[in-house]
file target-v1.cif (mmCIF, C-alpha atoms)
data_data
loop_
_atom_site.label_atom_id
_atom_site.label_comp_id
_atom_site.auth_asym_id
_atom_site.auth_seq_id
_atom_site.Cartn_x
_atom_site.Cartn_y
_atom_site.Cartn_z
CA MET A 1 95.82 106.72 125.09
CA THR A 2 95.54 103.09 126.11
CA ILE A 3 97.27 102.14 129.36
CA ARG A 4 99.76 99.33 128.75
CA ALA A 5 101.74 97.30 131.27
CA ALA A 6 103.56 93.98 131.36
CA VAL A 7 103.72 91.81 134.46
CA PHE A 8 107.25 90.49 134.64
CA LEU A 9 109.92 89.12 136.96
CA ASP A 10 112.61 86.67 135.87
CA LYS A 11 111.48 84.10 138.43
CA GLY A 12 108.63 81.63 138.53
CA GLY A 13 106.02 81.37 141.25
CA THR A 14 105.78 85.02 142.24
CA GLY A 15 102.14 85.36 141.16
CA LYS A 16 102.54 87.03 137.76
CA THR A 17 99.48 85.37 136.20
CA THR A 18 97.35 85.90 139.32
CA THR A 19 98.42 89.54 139.40
CA THR A 20 97.64 90.04 135.70
CA ALA A 21 94.18 88.53 136.05
CA HIS A 22 93.22 90.35 139.24
CA LEU A 23 94.63 93.73 138.28
CA GLY A 24 92.75 93.45 135.00
CA ARG A 25 89.60 92.49 136.81
CA ALA A 26 90.08 95.39 139.25
CA LEU A 27 90.45 97.81 136.35
CA THR A 28 87.14 96.59 134.90
CA GLU A 29 85.58 97.08 138.33
CA LEU A 30 86.77 100.68 138.14
CA GLY A 31 84.97 101.14 134.83
CA HIS A 32 87.77 100.54 132.32
CA GLU A 33 87.51 98.18 129.32
CA GLY A 34 90.56 96.05 128.69
CA ILE A 35 92.27 92.97 127.37
CA LEU A 36 94.87 90.55 128.73
CA ILE A 37 97.55 88.96 126.55
CA ASP A 38 99.12 85.72 127.77
CA LEU A 39 102.73 85.29 126.65
CA ALA A 40 103.56 83.20 129.70
CA GLY A 41 103.47 79.74 128.12
CA LYS A 42 101.49 76.97 126.48
CA GLN A 43 99.84 76.03 129.80
CA SER A 44 97.39 78.88 129.09
CA ASP A 45 97.14 79.75 132.77
CA LEU A 46 95.14 82.92 132.11
CA ALA A 47 92.61 80.86 130.15
CA LYS A 48 92.35 78.55 133.19
CA GLN A 49 91.94 81.57 135.46
CA PHE A 50 88.82 82.62 133.57
CA GLY A 51 87.39 79.15 132.85
CA LEU A 52 88.31 79.23 129.16
CA TYR A 53 90.94 76.49 129.07
CA GLU A 54 88.64 73.71 127.87
CA PRO A 55 87.11 75.72 124.97
CA GLN A 56 90.57 76.74 123.83
CA GLN A 57 91.97 73.22 124.05
CA THR A 58 88.98 71.88 122.11
CA ALA A 59 89.71 74.42 119.37
CA ILE A 60 93.35 73.32 119.29
CA GLU A 61 92.45 69.63 119.12
CA ASN A 62 89.96 70.27 116.31
CA ASP A 63 92.45 72.39 114.33
CA GLU A 64 90.21 75.41 114.79
CA ASP A 65 92.85 77.48 116.58
CA PHE A 66 94.13 79.54 113.66
CA PRO A 67 94.97 82.36 113.85
CA ASN A 68 96.29 82.37 117.42
CA LEU A 69 98.71 84.47 119.45
CA SER A 70 101.76 82.94 117.76
CA SER A 71 100.36 84.11 114.40
CA VAL A 72 100.87 87.72 115.48
CA PHE A 73 104.65 87.15 115.25
CA ASP A 74 104.56 85.63 111.72
CA ASP A 75 106.08 87.45 108.77
CA ASP A 76 102.81 87.05 106.89
CA PHE A 77 100.42 88.28 109.58
CA GLY A 78 99.73 91.48 107.67
CA LYS A 79 98.80 89.48 104.56
CA LEU A 80 96.49 87.33 106.67
CA VAL A 81 94.68 90.43 107.89
CA LYS A 82 94.37 91.82 104.36
CA MET A 83 92.87 88.57 103.09
CA ASN A 84 90.34 88.13 105.92
CA GLY A 85 89.82 91.58 107.42
CA ALA A 86 90.95 92.79 110.85
CA ASP A 87 87.59 92.17 112.54
CA ALA A 88 87.48 88.54 111.42
CA ILE A 89 91.05 87.93 112.63
CA LEU A 90 90.44 89.58 116.00
CA ASP A 91 87.24 87.59 116.47
CA ARG A 92 89.34 84.43 116.24
CA LEU A 93 92.16 85.71 118.44
CA ILE A 94 90.12 87.24 121.26
CA TYR A 95 88.10 85.30 123.84
CA GLU A 96 85.46 87.04 125.93
CA THR A 97 85.48 86.11 129.63
CA ASN A 98 82.54 86.07 132.02
CA GLU A 99 84.14 88.85 134.06
CA GLY A 100 83.91 91.71 131.58
CA ILE A 101 87.46 91.47 130.29
CA ASP A 102 88.84 90.11 127.00
CA LEU A 103 91.71 87.67 126.64
CA ILE A 104 94.15 86.54 123.97
CA PRO A 105 95.32 83.23 125.44
CA ALA A 106 98.73 81.65 125.13
CA HIS A 107 99.25 78.97 122.48
CA PRO A 108 101.69 76.06 121.99
CA GLY A 109 102.87 77.76 118.80
CA LEU A 110 104.66 80.36 120.93
CA ASP A 111 107.35 77.74 121.63
CA SER A 112 108.74 78.12 118.11
CA VAL A 113 108.52 81.90 117.89
CA ASP A 114 111.82 82.59 119.68
CA GLY A 115 113.75 80.47 117.21
CA GLU A 116 112.10 82.16 114.25
CA LEU A 117 112.63 85.70 115.55
CA ASN A 118 116.24 84.93 116.42
CA ASN A 119 116.94 84.92 112.69
CA VAL A 120 115.49 88.41 112.21
CA GLU A 121 118.39 90.83 111.89
CA ASP A 122 116.49 94.11 112.28
CA ARG A 123 116.26 94.80 116.02
CA GLU A 124 113.00 96.76 115.86
CA ASP A 125 111.37 94.01 113.82
CA ARG A 126 112.68 91.27 116.13
CA TYR A 127 111.48 92.87 119.36
CA GLY A 128 108.66 95.03 118.03
CA ARG A 129 106.20 92.63 116.42
CA LEU A 130 103.84 92.50 119.38
CA LYS A 131 104.02 96.29 119.68
CA ALA A 132 103.13 96.64 115.99
CA PHE A 133 100.09 94.38 116.53
CA VAL A 134 98.97 96.27 119.64
CA ASP A 135 99.47 99.65 117.98
CA GLU A 136 97.51 98.71 114.89
CA TYR A 137 94.69 96.53 116.19
CA LEU A 138 94.19 96.99 119.96
CA GLU A 139 95.13 100.55 120.85
CA ASP A 140 91.81 102.11 119.80
CA ARG A 141 89.64 99.28 121.17
CA TYR A 142 90.63 99.20 124.84
CA ASP A 143 91.34 101.46 127.80
CA PHE A 144 94.06 99.11 129.06
CA ILE A 145 96.20 96.20 127.90
CA LEU A 146 97.97 93.95 130.41
CA ILE A 147 100.55 91.42 129.21
CA ASP A 148 101.49 88.37 131.28
CA LEU A 149 105.15 87.47 130.65
CA PRO A 150 107.01 84.28 131.52
CA GLY A 151 109.85 84.30 134.01
CA LEU A 152 112.39 83.97 131.22
CA SER A 153 114.56 86.48 129.40
CA ARG A 154 113.88 85.57 125.77
CA ILE A 155 112.76 87.30 122.59
CA VAL A 156 109.02 86.77 123.13
CA PRO A 157 109.02 88.30 126.64
CA TYR A 158 111.15 91.15 125.34
CA ASN A 159 108.42 91.76 122.76
CA GLY A 160 106.08 92.22 125.71
CA VAL A 161 108.44 94.69 127.37
CA TRP A 162 108.82 96.61 124.10
CA ALA A 163 105.04 96.76 123.59
CA ALA A 164 104.17 97.78 127.16
CA GLU A 165 107.20 99.73 128.43
CA ASN A 166 105.58 99.87 131.89
CA ILE A 167 106.65 96.90 134.03
CA ILE A 168 104.77 95.54 137.04
CA ALA A 169 106.72 93.21 139.32
CA PRO A 170 104.83 91.04 141.84
CA VAL A 171 107.21 89.92 144.58
CA GLU A 172 107.26 87.91 147.75
CA MET A 173 109.10 88.92 150.90
CA GLY A 174 112.49 87.26 150.68
CA SER A 175 116.17 87.95 149.98
CA TYR A 176 116.19 86.13 146.64
CA GLU A 177 113.10 87.96 145.40
CA PHE A 178 114.53 91.28 146.58
CA GLY A 179 117.64 90.60 144.54
CA GLN A 180 115.54 89.70 141.51
CA VAL A 181 113.68 93.01 141.61
CA LYS A 182 116.96 94.92 141.93
CA GLN A 183 118.26 93.02 138.90
CA LEU A 184 115.03 93.77 137.02
CA ALA A 185 115.44 97.49 137.75
CA GLU A 186 119.00 97.33 136.37
CA ASP A 187 117.81 95.42 133.30
CA ILE A 188 115.13 98.05 132.64
CA ASP A 189 117.82 100.74 132.69
CA LYS A 190 119.65 98.73 130.01
CA TYR A 191 116.45 98.40 127.96
CA ARG A 192 116.11 102.18 127.99
CA SER A 193 119.66 102.80 126.83
CA ASN A 194 120.13 99.86 124.45
CA TRP A 195 116.68 99.84 122.85
CA ASP A 196 115.86 103.54 123.11
CA ILE A 197 112.45 102.86 124.67
CA ASP A 198 110.83 104.48 127.71
CA ALA A 199 110.82 101.30 129.80
CA GLU A 200 110.10 101.83 133.49
CA LEU A 201 109.60 99.78 136.65
CA THR A 202 106.15 101.23 137.20
CA MET A 203 104.91 99.19 140.14
CA VAL A 204 106.33 96.69 142.62
CA ILE A 205 103.52 94.73 144.29
CA PRO A 206 104.26 92.74 147.47
CA ASN A 207 102.36 89.50 146.96
CA LYS A 208 101.20 86.71 149.30
CA PHE A 209 101.83 89.14 152.12
CA GLU A 210 101.33 87.99 155.71
CA ARG A 211 100.76 90.83 158.14
CA GLY A 212 102.55 91.01 161.42
CA THR A 213 105.44 88.65 160.68
CA THR A 214 108.87 90.05 161.44
CA LEU A 215 110.31 88.79 158.14
CA ALA A 216 107.56 90.36 156.05
CA ASP A 217 107.80 93.67 157.89
CA ASP A 218 111.61 93.78 157.57
CA TYR A 219 111.53 93.11 153.84
CA MET A 220 108.69 95.54 153.31
CA ASN A 221 110.91 98.23 154.82
CA ARG A 222 113.77 97.22 152.53
CA TYR A 223 111.51 97.36 149.47
CA GLN A 224 110.17 100.76 150.51
CA GLU A 225 113.68 102.13 150.87
CA GLU A 226 114.96 100.70 147.57
CA PHE A 227 111.89 101.16 145.35
CA ASN A 228 110.01 103.96 147.07
CA GLY A 229 108.59 105.57 143.94
CA ALA A 230 107.54 102.26 142.41
CA MET A 231 105.92 100.56 145.40
CA ALA A 232 102.23 99.71 145.15
CA PRO A 233 100.04 101.41 147.74
CA ASN A 234 98.77 98.09 149.16
CA PRO A 235 100.39 94.66 149.54
CA VAL A 236 98.23 91.74 148.43
CA ALA A 237 97.31 89.49 151.34
CA LYS A 238 98.06 85.78 151.19
CA SER A 239 94.71 84.01 150.85
CA GLN A 240 93.67 80.44 150.17
CA ASP A 241 90.58 81.90 148.49
CA ILE A 242 92.76 83.16 145.64
CA ARG A 243 93.88 79.61 144.90
CA ASN A 244 90.35 78.27 145.37
CA ALA A 245 88.91 80.84 142.97
CA THR A 246 91.59 80.06 140.40
CA GLU A 247 90.80 76.35 140.62
CA ALA A 248 87.15 77.24 139.97
CA GLY A 249 88.07 79.31 136.90
CA LYS A 250 87.41 82.77 138.27
CA THR A 251 88.92 85.62 140.26
CA ILE A 252 88.18 86.52 143.87
CA PHE A 253 85.98 89.34 142.56
CA GLU A 254 83.41 86.66 141.74
CA LEU A 255 83.35 85.05 145.18
CA GLU A 256 80.00 85.45 146.93
CA GLU A 257 81.39 85.04 150.45
CA PRO A 258 85.09 85.94 150.39
CA SER A 259 87.18 85.35 153.47
CA ALA A 260 88.73 88.23 155.37
CA THR A 261 92.07 87.71 153.63
CA ALA A 262 90.37 87.57 150.22
CA SER A 263 88.54 90.79 150.99
CA ARG A 264 91.83 92.47 151.90
CA ALA A 265 93.40 91.14 148.70
CA LYS A 266 90.49 92.46 146.64
CA GLU A 267 90.81 95.90 148.25
CA ALA A 268 94.54 95.85 147.49
CA TYR A 269 94.00 95.01 143.83
CA LEU A 270 91.49 97.84 143.50
CA ALA A 271 93.81 100.34 145.19
CA ASN A 272 96.77 99.21 143.10
CA ALA A 273 94.73 99.31 139.88
CA ASN A 274 93.61 102.85 140.65
CA GLU A 275 97.19 103.88 141.34
CA LEU A 276 98.32 102.21 138.10
CA VAL A 277 95.89 104.37 136.16
CA ASP A 278 97.22 107.48 137.90
CA ARG A 279 100.86 106.59 137.28
CA ILE A 280 100.56 105.60 133.63
CA GLY A 281 97.61 107.71 132.64
CA GLY A 282 99.16 110.78 134.21
CA GLU A 283 102.21 110.42 131.97
CA GLN A 284 100.21 110.29 128.74
#

call {"tool": "encode", "arguments": {"input": "target-v1.cif", "output": "structure tokens"}}
result
Amino acid sequence: MTIRAAVFLDKGGTGKTTTTAHLGRALTELGHEGILIDLAGKQSDLAKQFGLYEPQQTAIENDEDFPNLSSVFDDDFGKLVKMNGADAILDRLIYETNEGIDLIPAHPGLDSVDGELNNVEDREDRYGRLKAFVDEYLEDRYDFILIDLPGLSRIVPYNGVWAAENIIAPVEMGSYEFGQVKQLAEDIDKYRSNWDIDAELTMVIPNKFERGTTLADDYMNRYQEEFNGAMAPNPVAKSQDIRNATEAGKTIFELEEPSATASRAKEAYLANANELVDRIGGEQ
């Protein structure tokens, strides 16, 4: 069974895209083959993370970007596959990165998908189109699938929740963020009861963590008490190298001389990725 998880918190700036990229990269380091799906917006931040933004934008400007991620949500996607073959469609959708992981990047066409799906009366069809795509075309190809979701509660992100069921929440140490994770846990309970899916807050990852500060330590204790079973084994250290690597179109796993904080962050991603496999894989 393929391990699936969506990185989600209804707040911007918590490091969802960075977490998706680095957890995926850590899983490849551990010997797993996987793909990332970027539902987080037309900025294509995951494409930027892996140095693929320019090739994708060139394809868009030259009208060579069809099919794309928004096509997966179309009523006629199945007909498109029948006409062209699944392999040909996936070759157009999937980008190979230089770090051993595949990517389906975000696309401006996603902006219109919510409006279109809002008119779909059948609940399973409205929220389950991404799941149907993953089940049919990705499940047998990859060991893991990570989905980067925007910090918005809309139909497209809900498709990501429906497809993944396992939710990863990267958080910073603060009262607002703590409240957001508590709200997310309550929302996931509603997903389970209202949608009849096995949604779960699988991992809470303290992000941009600064050791030794009273505030960080106090909130870490609060998180441990509230989300004990979901907490990641290691917090991810705050590191300028993470931002520098992102600006260079790569993850910190590709840095030749990482700083001490980057090394700690890398170790945390590896430990958390290994734990993710145990938590999800052990349930399957």

call {"tool": "residues_around", "arguments": {"input": "target-v1.cif", "residues": "Glu267 in chain A", "least_positions_apart": "3", "cutoff": "10 Å", "atoms": "all atoms listed in the file", "output": "JSON, numbers by chain"}}
result
{"A": [26, 234, 235, 236, 237, 253, 261, 262, 263, 264, 270, 271, 272, 273]}

call {"tool": "closest_atom_pairs", "arguments": {"input": "target-v1.cif", "of": "range 213-262 of chain A", "to": "range 80-102 of chain A", "cutoff": "9 Å", "atoms": "only C-alpha atoms", "output": "JSON lines"}}
result
{"residue": "A:Lys250", "atom": "CA", "partner": "A:Glu99", "partner_atom": "CA", "distance": 8.1}
{"residue": "A:Thr251", "atom": "CA", "partner": "A:Glu99", "partner_atom": "CA", "distance": 8.5}
{"residue": "A:Phe253", "atom": "CA", "partner": "A:Glu99", "partner_atom": "CA", "distance": 8.7}
{"residue": "A:Glu254", "atom": "CA", "partner": "A:Glu99", "partner_atom": "CA", "distance": 8.0}

call {"tool": "closest_residue", "arguments": {"input": "target-v1.cif", "among": "A:Val161, A:Ala40, A:Ile280, A:Ala5", "to": "Gly24 in chain A", "atoms": "only C-alpha atoms"}}
result
A:Ala5

call {"tool": "closest_residue", "arguments": {"input": "target-v1.cif", "among": "A:Phe73, A:Tyr158, A:Tyr223, A:Tyr142", "to": "Glu177 in chain A", "atoms": "all atoms listed in the file"}}
result
A:Tyr223

call {"tool": "closest_residue", "arguments": {"input": "target-v1.cif", "among": "A:Asn118, A:Phe133, A:Ser71, A:Pro150", "to": "Lys42 in chain A", "atoms": "only C-alpha atoms"}}
result
A:Pro150

call {"tool": "resolve_selection", "arguments": {"input": "target-v1.cif", "expression": "the PyMOL selection byres ((chain A and resi 110) around 12)", "output": "MDAnalysis selection string"}}
result
chainID A and resid 38:44 68:74 105:109 111:117 150 154:157

call {"tool": "closest_residue", "arguments": {"input": "target-v1.cif", "among": "A:Thr202, A:Tyr191, A:Asp241, A:Ile104", "to": "Asp148 in chain A", "atoms": "all atoms listed in the file"}}
result
A:Ile104

call {"tool": "resolve_selection", "arguments": {"input": "target-v1.cif", "expression": "the PyMOL selection byres ((chain A and resi 19) around 9)", "output": "number ranges by chain"}}
result
A: 7, 15-18, 20-24, 148, 170, 205, 207, 269

call {"tool": "write_last_selection", "arguments": {"input": "target-v1.cif", "atoms": "C-alpha atoms", "output": "PDB file, in the frame of the given file"}}
result
ATOM      1  CA  VAL A   7     103.720  91.810 134.460  1.00  0.00           C
ATOM      2  CA  GLY A  15     102.140  85.360 141.160  1.00  0.00           C
ATOM      3  CA  LYS A  16     102.540  87.030 137.760  1.00  0.00           C
ATOM      4  CA  THR A  17      99.480  85.370 136.200  1.00  0.00           C
ATOM      5  CA  THR A  18      97.350  85.900 139.320  1.00  0.00           C
ATOM      6  CA  THR A  20      97.640  90.040 135.700  1.00  0.00           C
ATOM      7  CA  ALA A  21      94.180  88.530 136.050  1.00  0.00           C
ATOM      8  CA  HIS A  22      93.220  90.350 139.240  1.00  0.00           C
ATOM      9  CA  LEU A  23      94.630  93.730 138.280  1.00  0.00           C
ATOM     10  CA  GLY A  24      92.750  93.450 135.000  1.00  0.00           C
ATOM     11  CA  ASP A 148     101.490  88.370 131.280  1.00  0.00           C
ATOM     12  CA  PRO A 170     104.830  91.040 141.840  1.00  0.00           C
ATOM     13  CA  ILE A 205     103.520  94.730 144.290  1.00  0.00           C
ATOM     14  CA  ASN A 207     102.360  89.500 146.960  1.00  0.00           C
ATOM     15  CA  TYR A 269      94.000  95.010 143.830  1.00  0.00           C
TER      16      TYR A 269
END

call {"tool": "axis_aligned_box", "arguments": {"input": "target-v1.cif", "around": "range 52-63 of chain A", "padding_each_side": "6 Å", "output": "lines of an AutoDock Vina configuration file"}}
result
center_x = 90.2
center_y = 74.4
center_z = 121.7
size_x = 18.2
size_y = 21.6
size_z = 26.8

call {"tool": "atom_distance", "arguments": {"input": "target-v1.cif", "atom1": "CA of Glu200 in chain A", "atom2": "CA of Ile167 in chain A"}}
result
6.0 Å

call {"tool": "atom_distance", "arguments": {"input": "target-v1.cif", "atom1": "CA of Val181 in chain A", "atom2": "CA of Asp122 in chain A"}}
result
29.5 Å

call {"tool": "decode", "arguments": {"input": "target-v1.cif", "residues": "range 53-79 of chain A", "atoms": "C-alpha atoms", "output": "mmCIF file, in the first residue's frame"}}
result
data_model
loop_
_atom_site.group_PDB
_atom_site.id
_atom_site.type_symbol
_atom_site.label_atom_id
_atom_site.label_comp_id
_atom_site.auth_asym_id
_atom_site.auth_seq_id
_atom_site.Cartn_x
_atom_site.Cartn_y
_atom_site.Cartn_z
ATOM 1 C CA TYR A 53 9.621 26.790 -11.964
ATOM 2 C CA GLU A 54 11.141 28.192 -15.156
ATOM 3 C CA PRO A 55 10.534 25.050 -17.283
ATOM 4 C CA GLN A 56 6.950 24.916 -16.088
ATOM 5 C CA GLN A 57 6.316 28.604 -16.742
ATOM 6 C CA THR A 58 7.818 28.273 -20.216
ATOM 7 C CA ALA A 59 5.402 25.424 -20.920
ATOM 8 C CA ILE A 60 2.497 27.568 -19.720
ATOM 9 C CA GLU A 61 3.546 30.554 -21.833
ATOM 10 C CA ASN A 62 3.935 28.347 -24.918
ATOM 11 C CA ASP A 63 0.545 26.667 -24.373
ATOM 12 C CA GLU A 64 2.298 23.353 -23.811
ATOM 13 C CA ASP A 65 0.916 22.872 -20.302
ATOM 14 C CA PHE A 66 -2.011 20.584 -21.079
ATOM 15 C CA PRO A 67 -2.911 18.369 -19.352
ATOM 16 C CA ASN A 68 -1.977 19.823 -15.964
ATOM 17 C CA LEU A 69 -3.049 19.319 -12.361
ATOM 18 C CA SER A 70 -6.329 21.182 -12.864
ATOM 19 C CA SER A 71 -7.208 18.701 -15.637
ATOM 20 C CA VAL A 72 -7.418 15.934 -13.039
ATOM 21 C CA PHE A 73 -10.579 17.599 -11.666
ATOM 22 C CA ASP A 74 -12.320 17.907 -15.070
ATOM 23 C CA ASP A 75 -15.434 15.905 -15.869
ATOM 24 C CA ASP A 76 -13.771 14.655 -19.042
ATOM 25 C CA PHE A 77 -10.432 13.565 -17.575
ATOM 26 C CA GLY A 78 -11.303 9.902 -18.035
ATOM 27 C CA LYS A 79 -12.075 10.488 -21.717
#
